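Have a look at the structure below, then the notes.
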Amino acid sequence: MSDEQARQRFGFLLDALRYGAPPHGGIALGLDRFAMMLAGTTNIRDVIAFPKNQRAQDRMTGAPATVDAKQLKELGIK
């Protein structure tokens, strides 16, 4: 695969990896599913430490939340 093809197909991943590999090296052990089986539940959200709801919001922190215009300006985001 050429560099151009790799950039076109996986550019988002290549950009993310410039900041370093994830600490787990990309290996998912499936501990949440194992904990689900041990707990005897059929819903993985019962055992996930930070579950999201159907709106992709974190119920503990309320994220994503609105942001000040000042914060956006500091980050250069419109």
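In the structure tokens, each chain is lettered A, B, ... as it comes, each chain's residues begin at 1, and ligands are numbered from 1 in order of appearance.
Residues in contact with Arg55 in chain A at up to 12 Å, not including ones fewer than 6 positions away on its chain and judged by only C-alpha atoms, are Gly62, Ala63 and Pro64 of chain A.
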Tell me, as a PyMOL selection string, which residues lie within 12 Å of Ile77 in chain A, counting only C-alpha atoms; anything in the same chain fewer than 5 positions away does not count.
-> chain A and resi 67-72
Can you tell me, as a VMD selection string, what residues are no more than 8 Å from Asp32 in chain A when counting only C-alpha atoms, ignoring any on the same chain fewer than 5 positions away?
-> chain A and resid 44 47 to 48
Close residues, range 14-20 of chain A itself excluded, 12 Å, only C-alpha atoms, min 6 positions apart in chain, as a ChimeraX atom specification | /A:3-8,26
